[in-house]
Amino acid sequence: MEKYIAVEHARELILGDLDAALSAEKVDLLASLGRIICEDVVADRDLPPADNSAMDGYGLRASDSESATHTQPLQMPVVADIPAGKPWTGQVAAGETVRIMTGAPIPVGVDAVVRRELVEELDNAIILENPVKSGNDIRRAGEDIKAGEIVIASGTRITPAAVGMLAAVGMPYVAVVRKPRVAVLATGDEIVDFSQVPGPGAIRNSNSFSMAALVQQAGGLPQIFPIVRDKPELIRKALLDAVSGNDLVLTSGGVSMGDYDFIQDVIRELPDAEIRFWQVKMKPGKPLLYSRVASIPVIGLPGNPVSTMVSFEQFVRPLLKKMSGFTGSELLLKKEPAIALEDLPAPGDRLHYARGIAERDGEGQLTVRLTGAQGSGILNSMVKGNCLITQPPVSSGTGKGSIVEIEWLDY
Ligand code: AMP
Ligand code: MG
């Protein structure tokens, strides 16, 4: 077991233990949004399937229109009406036009379309004052996608546009990486369910809900377990229960230095279990415990509500993203430099994650200020904040007006 390690190293250890993304599952097209597709999708046909009109207008032969001028306009008879979806099988002869709507297939003989606002429309004819170029306002068969082409490659994150494309190529179901199943356990003798009136010294369980919400938002399927009391036997039973059938187990509390912090002792005694590290050089979030039980990662998040959430952001979100098929910078929060609007506290020997409110000023410069009190129990700082202000371990704090790095929490 490693102890009191740097954030980067801790993240590497956690991510390094996961070889590959989870397996694939078939889901309804719309349910694929935001997830990673696990198959190459090939177009079954050209799109558009045929040459068609880009405008509501009139189809004609460009060569017939060459002599049209303002002073000597051409009158051309309209021989057919072609709405979209109703191909016309006739042919256009010299000097004739067809009324054609956007998306309707171009009939034989027509090689140009003139939009209706550019002609004078009579009952059964049009008056044309200008020549029309060959190919004008015609969309070509296959100009969007060609039959046989890969339109969405395996490993792509499905965006709304990709959902549209998958519909366009006739995919009611798609194979995507399945969602990680995550057991969420709060521990602590003082913790009570929110349905109960807290007695003396008791507090409501907020961590199970913030953890479950973070899991859900990161693309996982949280399952909230009953609150676990600080008794080794009960913790042991709950952990074994949680490990079976889940891809990840998250606990909160019980990993610090207290007399009733039993998670580490319990895991050490479990069969097929290994504690990989304990304590990370960060503030808040120092007591984090990372272990594997029966090859399932079990992450003991600190109990203080802010520590729980900040540790989740640094370690659990990247792991869930990797399980879900994401790679590289997609695993991490987005970073950006910002100007500090106030002095920031000295972080000591640990990487400090202060909660901040980042905003652009009148000139478009990104600025950041603290949310207020920064204690690891101030859940309100997470409610108000939209970013973490990262301060590397240095001896003195950061002065007002300095450039600091923030990590965005508005996903
Ligand atoms: P622990 O790490 O178990 O000593 O807990 C640290 C602090 O976090 C204590 O003040 C706990 O009351 C608080 N805490 C632990 N678990 C929860 C929870 N599920 N919801 C809210 N606060 C908690
Ligand atoms: Mg506790």
# chains A, B, ... in the order shown; residues from 1 in each chain; ligands from 1
$ select_by_dssp --residues "segment 243-299 of chain A" --states "strand (DSSP E)" --output "PyMOL selection string"
chain A and resi 248-252+273-280+282-283+289-293+296-299
$ residues_near_ligand --ligand "ligand 1" --cutoff "7 Å" --atoms "only C-alpha atoms and all ligand atoms" --output "PyMOL selection string"
chain A and resi 186-188+190-191+203-208+252-256+258+261+302-305+377
$ write_last_selection --atoms "all heavy atoms" --output "CSV table (one decimal), in the first residue's frame"
chain,number,residue,atom,x,y,z
A,186,ALA,N,-23.1,5.2,2.6
A,186,ALA,CA,-22.7,6.2,3.6
A,186,ALA,C,-22.4,5.4,4.9
A,186,ALA,O,-23.2,4.5,5.2
A,186,ALA,CB,-23.7,7.2,3.8
A,187,THR,N,-21.4,5.8,5.6
A,187,THR,CA,-21.1,5.1,6.9
A,187,THR,C,-21.1,6.2,8.0
A,187,THR,O,-20.8,7.3,7.7
A,187,THR,CB,-19.8,4.4,6.9
A,187,THR,OG1,-18.7,5.4,6.9
A,187,THR,CG2,-19.6,3.5,5.7
A,188,GLY,N,-21.4,5.8,9.2
A,188,GLY,CA,-21.4,6.7,10.3
A,188,GLY,C,-22.5,6.5,11.3
A,188,GLY,O,-23.7,6.3,10.9
A,190,GLU,N,-23.6,8.6,13.3
A,190,GLU,CA,-24.3,9.8,13.5
A,190,GLU,C,-25.3,10.1,12.3
A,190,GLU,O,-26.0,11.1,12.3
A,190,GLU,CB,-23.4,11.0,13.8
A,190,GLU,CG,-22.7,11.6,12.5
A,190,GLU,CD,-21.5,10.8,12.0
A,190,GLU,OE1,-21.5,9.6,12.2
A,190,GLU,OE2,-20.6,11.4,11.4
A,191,ILE,N,-25.2,9.3,11.3
A,191,ILE,CA,-25.9,9.6,10.0
A,191,ILE,C,-27.3,9.0,10.0
A,191,ILE,O,-27.4,7.9,10.3
A,191,ILE,CB,-25.1,9.1,8.8
A,191,ILE,CG1,-23.6,9.5,8.9
A,191,ILE,CG2,-25.7,9.5,7.5
A,191,ILE,CD1,-23.4,11.0,8.9
A,203,ILE,N,-26.9,13.8,12.1
A,203,ILE,CA,-27.1,14.7,10.9
A,203,ILE,C,-27.6,13.8,9.8
A,203,ILE,O,-27.4,12.6,9.7
A,203,ILE,CB,-25.7,15.4,10.4
A,203,ILE,CG1,-24.7,14.3,10.1
A,203,ILE,CG2,-25.2,16.3,11.5
A,203,ILE,CD1,-23.6,14.9,9.3
A,204,ARG,N,-28.3,14.5,8.9
A,204,ARG,CA,-28.9,13.8,7.7
A,204,ARG,C,-27.8,13.4,6.8
A,204,ARG,O,-26.8,14.0,6.6
A,204,ARG,CB,-29.9,14.7,7.0
A,204,ARG,CG,-31.1,15.0,7.9
A,204,ARG,CD,-32.3,15.5,7.0
A,204,ARG,NE,-33.4,15.9,7.8
A,204,ARG,CZ,-33.6,17.2,8.2
A,204,ARG,NH1,-32.8,18.1,7.9
A,204,ARG,NH2,-34.6,17.5,9.0
A,205,ASN,N,-28.1,12.2,6.1
A,205,ASN,CA,-27.2,11.7,5.1
A,205,ASN,C,-27.3,12.5,3.8
A,205,ASN,O,-28.2,12.3,3.1
A,205,ASN,CB,-27.6,10.2,4.9
A,205,ASN,CG,-26.8,9.6,3.7
A,205,ASN,OD1,-25.7,10.1,3.3
A,205,ASN,ND2,-27.4,8.6,3.1
A,206,SER,N,-26.3,13.4,3.6
A,206,SER,CA,-26.3,14.1,2.3
A,206,SER,C,-25.4,13.4,1.4
A,206,SER,O,-25.6,13.5,0.1
A,206,SER,CB,-26.0,15.6,2.5
A,206,SER,OG,-24.7,15.7,3.1
A,207,ASN,N,-24.3,12.8,1.9
A,207,ASN,CA,-23.3,12.3,1.0
A,207,ASN,C,-23.8,11.2,0.0
A,207,ASN,O,-23.4,11.2,-1.2
A,207,ASN,CB,-22.2,11.6,1.8
A,207,ASN,CG,-21.3,12.7,2.4
A,207,ASN,OD1,-21.4,13.9,2.1
A,207,ASN,ND2,-20.4,12.3,3.3
A,208,SER,N,-24.7,10.3,0.5
A,208,SER,CA,-25.2,9.3,-0.5
A,208,SER,C,-25.9,10.0,-1.7
A,208,SER,O,-25.8,9.4,-2.8
A,208,SER,CB,-26.3,8.4,0.2
A,208,SER,OG,-25.6,7.5,1.1
A,252,SER,N,-18.6,6.6,1.9
A,252,SER,CA,-18.2,7.9,2.4
A,252,SER,C,-18.0,7.8,3.9
A,252,SER,O,-18.8,7.0,4.6
A,252,SER,CB,-19.2,9.0,2.1
A,252,SER,OG,-20.2,9.1,3.1
A,253,GLY,N,-17.0,8.4,4.5
A,253,GLY,CA,-16.7,8.4,5.9
A,253,GLY,C,-15.9,7.2,6.3
A,253,GLY,O,-15.7,6.3,5.5
A,254,GLY,N,-15.4,7.2,7.5
A,254,GLY,CA,-14.8,6.1,8.1
A,254,GLY,C,-13.4,5.7,7.6
A,254,GLY,O,-12.9,4.6,7.7
A,255,VAL,N,-12.8,6.7,6.9
A,255,VAL,CA,-11.4,6.4,6.3
A,255,VAL,C,-10.4,7.3,6.9
A,255,VAL,O,-9.2,7.3,6.4
A,255,VAL,CB,-11.4,6.5,4.8
A,255,VAL,CG1,-12.1,5.4,4.1
A,255,VAL,CG2,-11.9,7.8,4.3
A,256,SER,N,-10.7,8.1,7.9
A,256,SER,CA,-9.8,9.0,8.5
A,256,SER,C,-9.0,8.4,9.7
A,256,SER,O,-8.8,7.2,9.7
A,256,SER,CB,-10.6,10.3,8.9
A,256,SER,OG,-9.7,11.4,8.9
A,258,GLY,N,-9.9,8.6,12.9
A,258,GLY,CA,-10.7,8.5,14.1
A,258,GLY,C,-10.8,7.1,14.7
A,258,GLY,O,-10.5,6.1,14.0
A,261,ASP,N,-13.1,4.8,12.6
A,261,ASP,CA,-12.9,4.8,11.2
A,261,ASP,C,-12.4,3.4,10.8
A,261,ASP,O,-11.2,3.1,10.9
A,261,ASP,CB,-11.9,5.8,10.7
A,261,ASP,CG,-12.5,7.2,10.9
A,261,ASP,OD1,-13.8,7.3,10.9
A,261,ASP,OD2,-11.8,8.2,11.0
A,302,PRO,N,-13.7,10.5,1.7
A,302,PRO,CA,-13.8,11.1,3.0
A,302,PRO,C,-15.2,11.5,3.3
A,302,PRO,O,-16.0,11.7,2.4
A,302,PRO,CB,-12.8,12.3,2.9
A,302,PRO,CG,-12.0,12.1,1.7
A,302,PRO,CD,-12.8,11.2,0.8
A,303,GLY,N,-15.5,11.6,4.6
A,303,GLY,CA,-16.9,11.8,5.0
A,303,GLY,C,-17.4,13.3,4.9
A,303,GLY,O,-18.5,13.6,4.7
A,304,ASN,N,-16.4,14.2,5.1
A,304,ASN,CA,-16.8,15.6,5.0
A,304,ASN,C,-17.4,15.9,3.6
A,304,ASN,O,-16.8,15.6,2.6
A,304,ASN,CB,-15.6,16.5,5.3
A,304,ASN,CG,-15.4,16.7,6.8
A,304,ASN,OD1,-16.2,17.0,7.5
A,304,ASN,ND2,-14.1,16.3,7.2
A,305,PRO,N,-18.6,16.5,3.6
A,305,PRO,CA,-19.4,16.6,2.3
A,305,PRO,C,-18.6,17.2,1.2
A,305,PRO,O,-18.8,16.8,0.0
A,305,PRO,CB,-20.6,17.4,2.7
A,305,PRO,CG,-20.8,17.1,4.2
A,305,PRO,CD,-19.4,16.9,4.8
A,377,GLY,N,-16.5,21.0,5.5
A,377,GLY,CA,-17.9,20.7,5.8
A,377,GLY,C,-18.8,21.7,5.3
A,377,GLY,O,-20.1,21.6,5.5
$ closest_residue --among "A:Tyr353, A:Trp88, A:Phe262, A:Tyr290" --to "ligand 2" --atoms "only C-alpha atoms and all ligand atoms"
A:Phe262
$ residues_around --residues "Val27 of chain A" --least-positions-apart "6" --cutoff "9 Å" --atoms "only C-alpha atoms" --output "MDAnalysis selection string"
chainID A and resid 172:176
$ atom_distance --atom1 "atom CA of Gly362 of chain A" --atom2 "atom CA of Leu333 of chain A"
25.3 Å
$ closest_atom_pairs --of "segment 213-237 of chain A" --to "segment 32-42 of chain A" --cutoff "12 Å" --atoms "only C-alpha atoms" --output "JSON lines"
{"residue": "A:Gln217", "atom": "CA", "partner": "A:Gly34", "partner_atom": "CA", "distance": 10.9}
{"residue": "A:Ala218", "atom": "CA", "partner": "A:Gly34", "partner_atom": "CA", "distance": 10.2}
{"residue": "A:Gly219", "atom": "CA", "partner": "A:Arg35", "partner_atom": "CA", "distance": 8.0}
{"residue": "A:Gly220", "atom": "CA", "partner": "A:Arg35", "partner_atom": "CA", "distance": 10.8}
$ residues_around --residues "Ile339 of chain A" --least-positions-apart "5" --cutoff "12 Å" --atoms "only C-alpha atoms" --output "ChimeraX atom specification"
/A:344,356-361,364-370,389,398-406
$ write_last_selection --atoms "N, CA, C and O atoms" --output "compact mmCIF listing (two decimals), in the first residue's frame"
# COMPACT_ATOMS: atom_id res chain seq x y z
N LEU A 344 -5.87 34.33 -2.14
CA LEU A 344 -6.29 32.95 -1.90
C LEU A 344 -5.42 32.36 -0.80
O LEU A 344 -4.23 32.67 -0.70
N GLY A 356 -14.72 28.03 -6.16
CA GLY A 356 -14.76 29.38 -6.70
C GLY A 356 -15.98 29.65 -7.56
O GLY A 356 -16.70 28.73 -7.96
N ILE A 357 -16.18 30.95 -7.79
CA ILE A 357 -17.22 31.39 -8.73
C ILE A 357 -16.48 32.09 -9.86
O ILE A 357 -15.85 33.14 -9.64
N ALA A 358 -16.50 31.47 -11.03
CA ALA A 358 -15.79 32.03 -12.18
C ALA A 358 -16.78 32.76 -13.07
O ALA A 358 -17.88 32.26 -13.32
N GLU A 359 -16.36 33.93 -13.51
CA GLU A 359 -17.23 34.75 -14.37
C GLU A 359 -16.36 35.54 -15.33
O GLU A 359 -15.24 35.92 -14.97
N ARG A 360 -16.91 35.83 -16.52
CA ARG A 360 -16.18 36.72 -17.43
C ARG A 360 -16.53 38.17 -17.11
O ARG A 360 -17.69 38.48 -16.87
N ASP A 361 -15.50 39.01 -17.11
CA ASP A 361 -15.79 40.42 -16.85
C ASP A 361 -16.17 41.10 -18.18
O ASP A 361 -16.28 40.43 -19.21
N GLY A 364 -14.37 40.24 -21.24
CA GLY A 364 -14.30 38.83 -21.62
C GLY A 364 -13.22 38.05 -20.89
O GLY A 364 -12.99 36.88 -21.15
N GLN A 365 -12.54 38.71 -19.95
CA GLN A 365 -11.51 38.05 -19.13
C GLN A 365 -12.17 37.15 -18.10
O GLN A 365 -13.14 37.56 -17.45
N LEU A 366 -11.64 35.95 -17.94
CA LEU A 366 -12.20 35.06 -16.93
C LEU A 366 -11.64 35.44 -15.56
O LEU A 366 -10.43 35.52 -15.37
N THR A 367 -12.56 35.71 -14.62
CA THR A 367 -12.15 36.05 -13.25
C THR A 367 -12.72 35.01 -12.31
O THR A 367 -13.66 34.29 -12.67
N VAL A 368 -12.13 34.94 -11.12
CA VAL A 368 -12.65 33.97 -10.15
C VAL A 368 -12.52 34.53 -8.74
O VAL A 368 -11.56 35.23 -8.41
N ARG A 369 -13.54 34.25 -7.92
CA ARG A 369 -13.49 34.63 -6.50
C ARG A 369 -13.93 33.42 -5.69
O ARG A 369 -14.55 32.50 -6.23
N LEU A 370 -13.62 33.45 -4.41
CA LEU A 370 -13.99 32.34 -3.54
C LEU A 370 -15.50 32.36 -3.26
O LEU A 370 -16.13 33.41 -3.31
N ILE A 389 -10.70 26.05 -7.71
CA ILE A 389 -9.49 26.82 -7.98
C ILE A 389 -8.33 25.94 -7.50
O ILE A 389 -8.26 25.61 -6.32
N THR A 398 -1.76 32.83 -2.91
CA THR A 398 -1.77 33.53 -4.19
C THR A 398 -2.44 34.87 -3.98
O THR A 398 -3.52 34.94 -3.40
N GLY A 399 -1.79 35.93 -4.47
CA GLY A 399 -2.32 37.26 -4.25
C GLY A 399 -3.41 37.63 -5.24
O GLY A 399 -3.48 37.08 -6.34
N LYS A 400 -4.22 38.57 -4.83
CA LYS A 400 -5.25 39.14 -5.69
C LYS A 400 -4.61 39.63 -6.99
O LYS A 400 -3.53 40.24 -6.96
N GLY A 401 -5.25 39.37 -8.11
CA GLY A 401 -4.72 39.81 -9.41
C GLY A 401 -3.82 38.77 -10.07
O GLY A 401 -3.49 38.90 -11.24
N SER A 402 -3.43 37.72 -9.37
CA SER A 402 -2.60 36.67 -9.99
C SER A 402 -3.46 35.79 -10.89
O SER A 402 -4.68 35.72 -10.75
N ILE A 403 -2.76 35.11 -11.80
CA ILE A 403 -3.45 34.13 -12.66
C ILE A 403 -3.46 32.78 -11.93
O ILE A 403 -2.41 32.31 -11.48
N VAL A 404 -4.63 32.21 -11.80
CA VAL A 404 -4.74 30.88 -11.19
C VAL A 404 -5.40 29.95 -12.19
O VAL A 404 -6.00 30.39 -13.18
N GLU A 405 -5.30 28.66 -11.92
CA GLU A 405 -5.97 27.69 -12.80
C GLU A 405 -7.27 27.24 -12.14
O GLU A 405 -7.29 26.96 -10.94
N ILE A 406 -8.32 27.21 -12.94
CA ILE A 406 -9.58 26.68 -12.40
C ILE A 406 -9.96 25.40 -13.15
O ILE A 406 -9.52 25.17 -14.28
$ select_by_dssp --residues "segment 117-358 of chain A" --states "helix (DSSP H, G or I)" --output "tab-separated table (two decimals) with C-alpha atoms, in the first residue's frame"
chain	number	residue	atom	x	y	z
A	117	GLU	CA	-39.02	34.26	-55.85
A	118	LEU	CA	-36.83	34.94	-58.93
A	160	PRO	CA	-27.46	15.10	-31.15
A	161	ALA	CA	-26.11	15.39	-34.72
A	162	ALA	CA	-24.85	11.81	-34.54
A	163	VAL	CA	-28.29	10.67	-33.32
A	164	GLY	CA	-29.75	12.35	-36.41
A	165	MET	CA	-27.20	10.65	-38.64
A	166	LEU	CA	-27.92	7.24	-37.10
A	167	ALA	CA	-31.62	7.79	-37.79
A	168	ALA	CA	-30.79	8.84	-41.35
A	207	ASN	CA	-23.30	12.25	0.95
A	208	SER	CA	-25.23	9.30	-0.47
A	209	PHE	CA	-27.26	11.73	-2.51
A	210	SER	CA	-24.45	13.99	-3.67
A	211	MET	CA	-22.45	10.86	-4.62
A	212	ALA	CA	-25.40	9.27	-6.43
A	213	ALA	CA	-26.12	12.52	-8.27
A	214	LEU	CA	-22.48	12.81	-9.34
A	215	VAL	CA	-22.50	9.18	-10.50
A	216	GLN	CA	-25.64	9.73	-12.51
A	217	GLN	CA	-24.31	12.90	-14.03
A	232	PRO	CA	-16.68	-3.68	11.50
A	233	GLU	CA	-19.06	-6.62	11.10
A	234	LEU	CA	-21.75	-4.45	9.51
A	235	ILE	CA	-19.25	-2.68	7.26
A	236	ARG	CA	-17.86	-6.04	6.16
A	237	LYS	CA	-21.30	-7.37	5.29
A	238	ALA	CA	-22.30	-4.20	3.43
A	239	LEU	CA	-19.07	-4.13	1.39
A	240	LEU	CA	-19.36	-7.76	0.32
A	241	ASP	CA	-22.96	-7.10	-0.62
A	242	ALA	CA	-22.03	-3.98	-2.60
A	243	VAL	CA	-19.16	-5.57	-4.49
A	263	ILE	CA	-13.22	0.86	6.57
A	264	GLN	CA	-9.51	0.28	6.06
A	265	ASP	CA	-9.28	-2.41	8.78
A	266	VAL	CA	-12.28	-4.22	7.38
A	267	ILE	CA	-11.00	-4.23	3.80
A	268	ARG	CA	-7.59	-5.48	4.93
A	269	GLU	CA	-9.26	-8.54	6.43
A	305	PRO	CA	-19.37	16.59	2.34
A	306	VAL	CA	-16.98	18.82	0.37
A	307	SER	CA	-14.15	16.30	0.58
A	308	THR	CA	-16.50	13.62	-0.69
A	309	MET	CA	-17.44	15.65	-3.75
A	310	VAL	CA	-13.99	17.07	-4.57
A	311	SER	CA	-12.45	13.60	-4.30
A	312	PHE	CA	-15.16	12.27	-6.57
A	313	GLU	CA	-14.31	14.92	-9.17
A	314	GLN	CA	-10.59	14.09	-9.10
A	315	PHE	CA	-10.75	10.30	-9.01
A	316	VAL	CA	-14.19	8.80	-9.46
A	317	ARG	CA	-15.40	10.86	-12.41
A	318	PRO	CA	-12.31	9.96	-14.49
A	319	LEU	CA	-12.75	6.29	-13.59
A	320	LEU	CA	-16.44	6.28	-14.54
A	321	LYS	CA	-15.62	8.05	-17.79
A	322	LYS	CA	-12.91	5.51	-18.62
A	323	MET	CA	-15.30	2.65	-17.80
A	328	GLY	CA	-7.68	11.33	-22.84
A	329	SER	CA	-8.79	14.77	-21.73
A	330	GLU	CA	-12.45	13.66	-21.78
A	331	LEU	CA	-11.76	11.99	-18.44
$ decode --residues "segment 169-202 of chain A" --atoms "N, CA and C atoms" --output "mmCIF file, in the first residue's frame"
data_model
loop_
_atom_site.group_PDB
_atom_site.id
_atom_site.type_symbol
_atom_site.label_atom_id
_atom_site.label_comp_id
_atom_site.auth_asym_id
_atom_site.auth_seq_id
_atom_site.Cartn_x
_atom_site.Cartn_y
_atom_site.Cartn_z
ATOM 1 N N VAL A 169 -29.510 6.770 -41.364
ATOM 2 C CA VAL A 169 -29.054 5.520 -41.973
ATOM 3 C C VAL A 169 -29.835 4.316 -41.435
ATOM 4 N N GLY A 170 -30.938 4.595 -40.723
ATOM 5 C CA GLY A 170 -31.859 3.514 -40.357
ATOM 6 C C GLY A 170 -31.388 2.643 -39.211
ATOM 7 N N MET A 171 -30.948 3.266 -38.095
ATOM 8 C CA MET A 171 -30.465 2.491 -36.934
ATOM 9 C C MET A 171 -31.386 2.703 -35.732
ATOM 10 N N PRO A 172 -32.391 1.855 -35.518
ATOM 11 C CA PRO A 172 -33.249 2.034 -34.343
ATOM 12 C C PRO A 172 -32.535 1.706 -33.035
ATOM 13 N N TYR A 173 -31.528 0.840 -33.098
ATOM 14 C CA TYR A 173 -30.759 0.476 -31.898
ATOM 15 C C TYR A 173 -29.282 0.621 -32.220
ATOM 16 N N VAL A 174 -28.505 1.001 -31.232
ATOM 17 C CA VAL A 174 -27.058 1.067 -31.442
ATOM 18 C C VAL A 174 -26.326 0.440 -30.258
ATOM 19 N N ALA A 175 -25.148 -0.093 -30.549
ATOM 20 C CA ALA A 175 -24.317 -0.685 -29.491
ATOM 21 C C ALA A 175 -23.460 0.408 -28.877
ATOM 22 N N VAL A 176 -23.616 0.609 -27.569
ATOM 23 C CA VAL A 176 -22.798 1.595 -26.841
ATOM 24 C C VAL A 176 -22.195 0.908 -25.622
ATOM 25 N N VAL A 177 -21.181 1.545 -25.049
ATOM 26 C CA VAL A 177 -20.593 1.011 -23.815
ATOM 27 C C VAL A 177 -21.659 1.076 -22.719
ATOM 28 N N ARG A 178 -21.817 -0.018 -22.012
ATOM 29 C CA ARG A 178 -22.859 -0.018 -20.968
ATOM 30 C C ARG A 178 -22.460 0.916 -19.820
ATOM 31 N N LYS A 179 -23.471 1.340 -19.068
ATOM 32 C CA LYS A 179 -23.217 2.292 -17.978
ATOM 33 C C LYS A 179 -22.650 1.559 -16.760
ATOM 34 N N PRO A 180 -21.651 2.155 -16.103
ATOM 35 C CA PRO A 180 -21.125 1.528 -14.891
ATOM 36 C C PRO A 180 -22.188 1.489 -13.787
ATOM 37 N N ARG A 181 -22.278 0.346 -13.127
ATOM 38 C CA ARG A 181 -23.172 0.219 -11.958
ATOM 39 C C ARG A 181 -22.362 0.540 -10.707
ATOM 40 N N VAL A 182 -22.859 1.470 -9.937
ATOM 41 C CA VAL A 182 -22.073 1.982 -8.818
ATOM 42 C C VAL A 182 -22.866 1.879 -7.511
ATOM 43 N N ALA A 183 -22.324 1.130 -6.565
ATOM 44 C CA ALA A 183 -22.926 1.049 -5.228
ATOM 45 C C ALA A 183 -22.465 2.259 -4.412
ATOM 46 N N VAL A 184 -23.408 2.888 -3.734
ATOM 47 C CA VAL A 184 -23.126 4.100 -2.965
ATOM 48 C C VAL A 184 -23.493 3.839 -1.499
ATOM 49 N N LEU A 185 -22.489 3.904 -0.614
ATOM 50 C CA LEU A 185 -22.716 3.595 0.800
ATOM 51 C C LEU A 185 -22.236 4.734 1.683
ATOM 52 N N ALA A 186 -23.106 5.213 2.550
ATOM 53 C CA ALA A 186 -22.674 6.170 3.572
ATOM 54 C C ALA A 186 -22.430 5.391 4.856
ATOM 55 N N THR A 187 -21.366 5.762 5.574
ATOM 56 C CA THR A 187 -21.116 5.124 6.867
ATOM 57 C C THR A 187 -21.107 6.185 7.955
ATOM 58 N N GLY A 188 -21.440 5.777 9.159
ATOM 59 C CA GLY A 188 -21.358 6.699 10.290
ATOM 60 C C GLY A 188 -22.495 6.468 11.267
ATOM 61 N N ASP A 189 -22.133 6.409 12.577
ATOM 62 C CA ASP A 189 -23.148 6.213 13.618
ATOM 63 C C ASP A 189 -24.064 7.420 13.754
ATOM 64 N N GLU A 190 -23.565 8.601 13.321
ATOM 65 C CA GLU A 190 -24.349 9.829 13.514
ATOM 66 C C GLU A 190 -25.262 10.135 12.321
ATOM 67 N N ILE A 191 -25.156 9.323 11.272
ATOM 68 C CA ILE A 191 -25.863 9.650 10.026
ATOM 69 C C ILE A 191 -27.277 9.045 10.032
ATOM 70 N N VAL A 192 -28.258 9.868 9.694
ATOM 71 C CA VAL A 192 -29.628 9.331 9.598
ATOM 72 C C VAL A 192 -30.217 9.655 8.222
ATOM 73 N N ASP A 193 -31.177 8.841 7.843
ATOM 74 C CA ASP A 193 -31.832 9.051 6.558
ATOM 75 C C ASP A 193 -32.633 10.349 6.587
ATOM 76 N N PHE A 194 -32.774 10.981 5.416
ATOM 77 C CA PHE A 194 -33.475 12.280 5.400
ATOM 78 C C PHE A 194 -34.956 12.166 5.740
ATOM 79 N N SER A 195 -35.456 10.956 5.790
ATOM 80 C CA SER A 195 -36.864 10.769 6.150
ATOM 81 C C SER A 195 -37.052 10.867 7.665
ATOM 82 N N GLN A 196 -35.926 10.865 8.418
ATOM 83 C CA GLN A 196 -36.029 10.870 9.878
ATOM 84 C C GLN A 196 -35.701 12.242 10.460
ATOM 85 N N VAL A 197 -36.250 12.494 11.659
ATOM 86 C CA VAL A 197 -35.895 13.713 12.383
ATOM 87 C C VAL A 197 -34.585 13.414 13.126
ATOM 88 N N PRO A 198 -33.503 14.167 12.805
ATOM 89 C CA PRO A 198 -32.225 13.866 13.453
ATOM 90 C C PRO A 198 -32.302 14.103 14.968
ATOM 91 N N GLY A 199 -31.881 13.108 15.735
ATOM 92 C CA GLY A 199 -31.808 13.238 17.187
ATOM 93 C C GLY A 199 -30.575 14.041 17.567
ATOM 94 N N PRO A 200 -30.268 14.127 18.881
ATOM 95 C CA PRO A 200 -29.091 14.886 19.325
ATOM 96 C C PRO A 200 -27.811 14.313 18.702
ATOM 97 N N GLY A 201 -27.019 15.175 18.105
ATOM 98 C CA GLY A 201 -25.735 14.755 17.521
ATOM 99 C C GLY A 201 -25.851 14.081 16.170
ATOM 100 N N ALA A 202 -27.059 13.892 15.681
ATOM 101 C CA ALA A 202 -27.225 13.208 14.391
ATOM 102 C C ALA A 202 -27.290 14.222 13.254
#
